[in-house]
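Novice: Shown below is the structure under consideration.
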Amino acid sequence: MTYTPAPLLRVAHARGDRSAADIARSLGVPYLAAYRWTTGRATPGPAGLAAIERVYGLTSADLIQDAA
């Protein structure tokens with residue numbers, strides 16, 4: 001399974017959250033976590049995935065794809 005930040009970035013940008021700092025504020029997470037998620041350096045854990053779904057409406061299936 002592979003995490004891709006593209007859906008998160010697409011939806012966040014559409015909502016006006018242009019930077020990792022904007023995304024962190026919207027999600028209520030530390031800046032470093034949002035930075036790592038938006039650059040693909042880390043995969044959100046359960047709490048992060050829940051925040052992303054609550055704020056942006058993206059599910060884990062939208063963010064984590066099967067490696068084919």
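The chains in the structure tokens are called A, B, ... from first to last as shown; in each chain the residues are counted from 1, and the ligands are counted from 1 in the order shown.
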Fewer than 4 positions away in the same chain doesn't count, so skip those; otherwise give me all residues within 10 Å of Gly28 of chain A, counting only C-alpha atoms, as a VMD selection string.

Specialist: chain A and resid 22 to 24 34 48 51 to 52 55

Novice: Would you write out those residues with C-alpha atoms, as a short mmCIF file (atom, residue, chain, number, x, y, z; two decimals), in the first residue's frame?

Specialist:
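This is the output file again_4.cif:
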```
data_model
loop_
_atom_site.label_atom_id
_atom_site.label_comp_id
_atom_site.auth_asym_id
_atom_site.auth_seq_id
_atom_site.Cartn_x
_atom_site.Cartn_y
_atom_site.Cartn_z
CA ASP A 22 -2.92 26.29 6.54
CA ILE A 23 -3.60 22.56 6.42
CA ALA A 24 -2.22 22.07 9.94
CA ALA A 34 0.99 18.37 8.05
CA GLY A 48 -4.56 12.07 11.25
CA ALA A 51 -8.97 14.55 10.98
CA ILE A 52 -8.50 14.54 7.20
CA VAL A 55 -12.23 18.32 7.57
#
```

Novice: I'd like the neighbourhood of segment 35-38 of chain A as a ChimeraX atom specification, where a residue qualifies if any of its atoms comes within 12 Å (using only C-alpha atoms), though same-chain residues fewer than 3 positions away should be ignored.

Specialist: /A:3-13,17-25,27,29-32,41-45,48-49,52,63-64

Novice: Given the selection you just returned, output its residues as a file containing N, CA and C atoms, formatted as an mmCIF file, in the first residue's frame.

Specialist:
```
data_model
loop_
_atom_site.group_PDB
_atom_site.id
_atom_site.type_symbol
_atom_site.label_atom_id
_atom_site.label_comp_id
_atom_site.auth_asym_id
_atom_site.auth_seq_id
_atom_site.Cartn_x
_atom_site.Cartn_y
_atom_site.Cartn_z
ATOM 1 N N TYR A 3 0.935 5.518 0.228
ATOM 2 C CA TYR A 3 0.272 6.788 0.530
ATOM 3 C C TYR A 3 0.652 7.810 -0.529
ATOM 4 N N THR A 4 -0.324 8.545 -1.007
ATOM 5 C CA THR A 4 -0.064 9.639 -1.940
ATOM 6 C C THR A 4 -0.740 10.906 -1.428
ATOM 7 N N PRO A 5 -0.004 12.009 -1.336
ATOM 8 C CA PRO A 5 -0.581 13.246 -0.819
ATOM 9 C C PRO A 5 -1.406 14.029 -1.836
ATOM 10 N N ALA A 6 -1.416 13.615 -3.109
ATOM 11 C CA ALA A 6 -2.091 14.391 -4.152
ATOM 12 C C ALA A 6 -3.566 14.667 -3.854
ATOM 13 N N PRO A 7 -4.357 13.678 -3.426
ATOM 14 C CA PRO A 7 -5.766 13.992 -3.133
ATOM 15 C C PRO A 7 -5.923 15.001 -1.994
ATOM 16 N N LEU A 8 -5.095 14.863 -0.961
ATOM 17 C CA LEU A 8 -5.143 15.806 0.161
ATOM 18 C C LEU A 8 -4.824 17.211 -0.316
ATOM 19 N N LEU A 9 -3.778 17.345 -1.107
ATOM 20 C CA LEU A 9 -3.396 18.663 -1.611
ATOM 21 C C LEU A 9 -4.463 19.250 -2.521
ATOM 22 N N ARG A 10 -5.043 18.430 -3.378
ATOM 23 C CA ARG A 10 -6.077 18.906 -4.303
ATOM 24 C C ARG A 10 -7.286 19.460 -3.541
ATOM 25 N N VAL A 11 -7.776 18.717 -2.566
ATOM 26 C CA VAL A 11 -8.958 19.141 -1.810
ATOM 27 C C VAL A 11 -8.620 20.324 -0.906
ATOM 28 N N ALA A 12 -7.463 20.286 -0.267
ATOM 29 C CA ALA A 12 -7.064 21.397 0.606
ATOM 30 C C ALA A 12 -6.925 22.683 -0.192
ATOM 31 N N HIS A 13 -6.294 22.618 -1.344
ATOM 32 C CA HIS A 13 -6.127 23.812 -2.176
ATOM 33 C C HIS A 13 -7.471 24.348 -2.655
ATOM 34 N N ASP A 17 -6.768 26.226 1.495
ATOM 35 C CA ASP A 17 -5.609 25.911 2.339
ATOM 36 C C ASP A 17 -4.434 25.633 1.412
ATOM 37 N N ARG A 18 -3.565 26.628 1.234
ATOM 38 C CA ARG A 18 -2.494 26.543 0.245
ATOM 39 C C ARG A 18 -1.168 26.027 0.797
ATOM 40 N N SER A 19 -0.946 26.131 2.092
ATOM 41 C CA SER A 19 0.351 25.743 2.652
ATOM 42 C C SER A 19 0.167 24.662 3.708
ATOM 43 N N ALA A 20 1.275 24.054 4.084
ATOM 44 C CA ALA A 20 1.229 23.057 5.159
ATOM 45 C C ALA A 20 0.731 23.703 6.448
ATOM 46 N N ALA A 21 1.076 24.964 6.663
ATOM 47 C CA ALA A 21 0.615 25.664 7.865
ATOM 48 C C ALA A 21 -0.904 25.832 7.840
ATOM 49 N N ASP A 22 -1.463 26.174 6.676
ATOM 50 C CA ASP A 22 -2.922 26.291 6.542
ATOM 51 C C ASP A 22 -3.595 24.951 6.816
ATOM 52 N N ILE A 23 -3.035 23.906 6.250
ATOM 53 C CA ILE A 23 -3.599 22.564 6.419
ATOM 54 C C ILE A 23 -3.510 22.141 7.880
ATOM 55 N N ALA A 24 -2.382 22.408 8.521
ATOM 56 C CA ALA A 24 -2.223 22.067 9.936
ATOM 57 C C ALA A 24 -3.265 22.773 10.791
ATOM 58 N N ARG A 25 -3.491 24.054 10.524
ATOM 59 C CA ARG A 25 -4.514 24.800 11.284
ATOM 60 C C ARG A 25 -5.897 24.207 11.081
ATOM 61 N N LEU A 27 -6.708 21.170 10.209
ATOM 62 C CA LEU A 27 -6.807 19.825 10.775
ATOM 63 C C LEU A 27 -6.615 19.798 12.284
ATOM 64 N N VAL A 29 -3.601 19.882 13.764
ATOM 65 C CA VAL A 29 -2.427 19.042 14.001
ATOM 66 C C VAL A 29 -1.180 19.916 13.978
ATOM 67 N N PRO A 30 -0.063 19.410 14.512
ATOM 68 C CA PRO A 30 1.183 20.180 14.442
ATOM 69 C C PRO A 30 1.616 20.420 12.994
ATOM 70 N N TYR A 31 2.281 21.558 12.786
ATOM 71 C CA TYR A 31 2.766 21.910 11.447
ATOM 72 C C TYR A 31 3.629 20.796 10.855
ATOM 73 N N LEU A 32 4.523 20.235 11.642
ATOM 74 C CA LEU A 32 5.446 19.228 11.124
ATOM 75 C C LEU A 32 4.696 17.998 10.599
ATOM 76 N N ARG A 41 6.416 12.475 2.993
ATOM 77 C CA ARG A 41 7.486 11.929 3.824
ATOM 78 C C ARG A 41 6.953 11.022 4.930
ATOM 79 N N ALA A 42 5.658 11.145 5.237
ATOM 80 C CA ALA A 42 5.043 10.303 6.261
ATOM 81 C C ALA A 42 3.595 10.045 5.887
ATOM 82 N N THR A 43 3.082 8.947 6.389
ATOM 83 C CA THR A 43 1.684 8.580 6.194
ATOM 84 C C THR A 43 0.911 8.948 7.446
ATOM 85 N N PRO A 44 -0.241 9.582 7.313
ATOM 86 C CA PRO A 44 -1.033 9.911 8.502
ATOM 87 C C PRO A 44 -1.443 8.640 9.247
ATOM 88 N N GLY A 45 -1.392 8.719 10.560
ATOM 89 C CA GLY A 45 -1.863 7.617 11.386
ATOM 90 C C GLY A 45 -3.376 7.684 11.530
ATOM 91 N N GLY A 48 -4.735 11.166 12.390
ATOM 92 C CA GLY A 48 -4.564 12.066 11.251
ATOM 93 C C GLY A 48 -5.555 11.761 10.134
ATOM 94 N N LEU A 49 -5.759 10.476 9.861
ATOM 95 C CA LEU A 49 -6.728 10.094 8.834
ATOM 96 C C LEU A 49 -8.137 10.520 9.234
ATOM 97 N N ILE A 52 -8.400 14.264 8.638
ATOM 98 C CA ILE A 52 -8.495 14.541 7.202
ATOM 99 C C ILE A 52 -9.899 14.221 6.700
ATOM 100 N N LEU A 63 -6.561 8.094 0.034
ATOM 101 C CA LEU A 63 -5.171 8.488 0.249
ATOM 102 C C LEU A 63 -4.178 7.349 0.132
ATOM 103 N N ILE A 64 -4.625 6.136 0.403
ATOM 104 C CA ILE A 64 -3.719 4.992 0.421
ATOM 105 C C ILE A 64 -4.156 4.020 -0.661
#
```

Novice: Run DSSP on the backbone and tell me which residues of chain A come out as strand (DSSP E); list them as a list of chain:residue names.

Specialist: A:Thr2, A:Tyr3, A:Ile64, A:Gln65

Novice: From segment 11-67 of chain A, collect each residue whose DSSP state is alpha helix (DSSP H) and return the set as number ranges by chain.

Specialist: A: 11-14, 20-27, 31-39, 46-56, 60-63

Novice: Give me a file of those residues, with N, CA and C atoms, as an mmCIF file, in the first residue's frame.

Specialist:
```
data_model
loop_
_atom_site.group_PDB
_atom_site.id
_atom_site.type_symbol
_atom_site.label_atom_id
_atom_site.label_comp_id
_atom_site.auth_asym_id
_atom_site.auth_seq_id
_atom_site.Cartn_x
_atom_site.Cartn_y
_atom_site.Cartn_z
ATOM 1 N N VAL A 11 -7.776 18.717 -2.566
ATOM 2 C CA VAL A 11 -8.958 19.141 -1.810
ATOM 3 C C VAL A 11 -8.620 20.324 -0.906
ATOM 4 N N ALA A 12 -7.463 20.286 -0.267
ATOM 5 C CA ALA A 12 -7.064 21.397 0.606
ATOM 6 C C ALA A 12 -6.925 22.683 -0.192
ATOM 7 N N HIS A 13 -6.294 22.618 -1.344
ATOM 8 C CA HIS A 13 -6.127 23.812 -2.176
ATOM 9 C C HIS A 13 -7.471 24.348 -2.655
ATOM 10 N N ALA A 14 -8.385 23.438 -2.976
ATOM 11 C CA ALA A 14 -9.720 23.866 -3.411
ATOM 12 C C ALA A 14 -10.459 24.605 -2.292
ATOM 13 N N ALA A 20 1.275 24.054 4.084
ATOM 14 C CA ALA A 20 1.229 23.057 5.159
ATOM 15 C C ALA A 20 0.731 23.703 6.448
ATOM 16 N N ALA A 21 1.076 24.964 6.663
ATOM 17 C CA ALA A 21 0.615 25.664 7.865
ATOM 18 C C ALA A 21 -0.904 25.832 7.840
ATOM 19 N N ASP A 22 -1.463 26.174 6.676
ATOM 20 C CA ASP A 22 -2.922 26.291 6.542
ATOM 21 C C ASP A 22 -3.595 24.951 6.816
ATOM 22 N N ILE A 23 -3.035 23.906 6.250
ATOM 23 C CA ILE A 23 -3.599 22.564 6.419
ATOM 24 C C ILE A 23 -3.510 22.141 7.880
ATOM 25 N N ALA A 24 -2.382 22.408 8.521
ATOM 26 C CA ALA A 24 -2.223 22.067 9.936
ATOM 27 C C ALA A 24 -3.265 22.773 10.791
ATOM 28 N N ARG A 25 -3.491 24.054 10.524
ATOM 29 C CA ARG A 25 -4.514 24.800 11.284
ATOM 30 C C ARG A 25 -5.897 24.207 11.081
ATOM 31 N N SER A 26 -6.236 23.893 9.842
ATOM 32 C CA SER A 26 -7.563 23.334 9.553
ATOM 33 C C SER A 26 -7.761 21.975 10.213
ATOM 34 N N LEU A 27 -6.708 21.170 10.209
ATOM 35 C CA LEU A 27 -6.807 19.825 10.775
ATOM 36 C C LEU A 27 -6.615 19.798 12.284
ATOM 37 N N TYR A 31 2.281 21.558 12.786
ATOM 38 C CA TYR A 31 2.766 21.910 11.447
ATOM 39 C C TYR A 31 3.629 20.796 10.855
ATOM 40 N N LEU A 32 4.523 20.235 11.642
ATOM 41 C CA LEU A 32 5.446 19.228 11.124
ATOM 42 C C LEU A 32 4.696 17.998 10.599
ATOM 43 N N ALA A 33 3.625 17.617 11.261
ATOM 44 C CA ALA A 33 2.827 16.480 10.784
ATOM 45 C C ALA A 33 2.218 16.810 9.428
ATOM 46 N N ALA A 34 1.597 17.973 9.317
ATOM 47 C CA ALA A 34 0.987 18.369 8.048
ATOM 48 C C ALA A 34 2.043 18.485 6.951
ATOM 49 N N TYR A 35 3.203 19.029 7.279
ATOM 50 C CA TYR A 35 4.284 19.146 6.303
ATOM 51 C C TYR A 35 4.692 17.767 5.788
ATOM 52 N N ARG A 36 4.869 16.822 6.697
ATOM 53 C CA ARG A 36 5.273 15.469 6.297
ATOM 54 C C ARG A 36 4.195 14.784 5.453
ATOM 55 N N TRP A 37 2.929 15.012 5.804
ATOM 56 C CA TRP A 37 1.846 14.398 5.027
ATOM 57 C C TRP A 37 1.746 15.010 3.642
ATOM 58 N N THR A 38 1.926 16.322 3.537
ATOM 59 C CA THR A 38 1.764 16.983 2.238
ATOM 60 C C THR A 38 2.953 16.754 1.308
ATOM 61 N N THR A 39 4.095 16.410 1.862
ATOM 62 C CA THR A 39 5.262 16.121 1.033
ATOM 63 C C THR A 39 5.442 14.633 0.778
ATOM 64 N N PRO A 46 -3.936 6.848 12.387
ATOM 65 C CA PRO A 46 -5.396 6.817 12.548
ATOM 66 C C PRO A 46 -6.006 8.170 12.936
ATOM 67 N N ALA A 47 -5.382 8.888 13.857
ATOM 68 C CA ALA A 47 -5.927 10.192 14.264
ATOM 69 C C ALA A 47 -5.823 11.198 13.122
ATOM 70 N N GLY A 48 -4.735 11.166 12.390
ATOM 71 C CA GLY A 48 -4.564 12.066 11.251
ATOM 72 C C GLY A 48 -5.555 11.761 10.134
ATOM 73 N N LEU A 49 -5.759 10.476 9.861
ATOM 74 C CA LEU A 49 -6.728 10.094 8.834
ATOM 75 C C LEU A 49 -8.137 10.520 9.234
ATOM 76 N N ALA A 50 -8.453 10.396 10.526
ATOM 77 C CA ALA A 50 -9.771 10.820 11.008
ATOM 78 C C ALA A 50 -9.945 12.323 10.842
ATOM 79 N N ALA A 51 -8.902 13.093 11.142
ATOM 80 C CA ALA A 51 -8.973 14.554 10.979
ATOM 81 C C ALA A 51 -9.131 14.930 9.514
ATOM 82 N N ILE A 52 -8.400 14.264 8.638
ATOM 83 C CA ILE A 52 -8.495 14.541 7.202
ATOM 84 C C ILE A 52 -9.899 14.221 6.700
ATOM 85 N N GLU A 53 -10.469 13.112 7.159
ATOM 86 C CA GLU A 53 -11.826 12.765 6.726
ATOM 87 C C GLU A 53 -12.838 13.770 7.265
ATOM 88 N N ARG A 54 -12.687 14.177 8.511
ATOM 89 C CA ARG A 54 -13.617 15.126 9.124
ATOM 90 C C ARG A 54 -13.575 16.487 8.427
ATOM 91 N N VAL A 55 -12.382 16.975 8.123
ATOM 92 C CA VAL A 55 -12.227 18.322 7.571
ATOM 93 C C VAL A 55 -12.381 18.352 6.050
ATOM 94 N N TYR A 56 -11.741 17.406 5.366
ATOM 95 C CA TYR A 56 -11.698 17.448 3.906
ATOM 96 C C TYR A 56 -12.574 16.402 3.223
ATOM 97 N N SER A 60 -9.432 7.033 4.016
ATOM 98 C CA SER A 60 -8.122 6.399 3.876
ATOM 99 C C SER A 60 -7.990 5.743 2.504
ATOM 100 N N ALA A 61 -9.092 5.259 1.946
ATOM 101 C CA ALA A 61 -9.058 4.656 0.605
ATOM 102 C C ALA A 61 -8.695 5.688 -0.464
ATOM 103 N N ASP A 62 -9.036 6.962 -0.223
ATOM 104 C CA ASP A 62 -8.672 8.021 -1.161
ATOM 105 C C ASP A 62 -7.174 8.317 -1.122
ATOM 106 N N LEU A 63 -6.561 8.094 0.034
ATOM 107 C CA LEU A 63 -5.171 8.488 0.249
ATOM 108 C C LEU A 63 -4.178 7.349 0.132
#
```
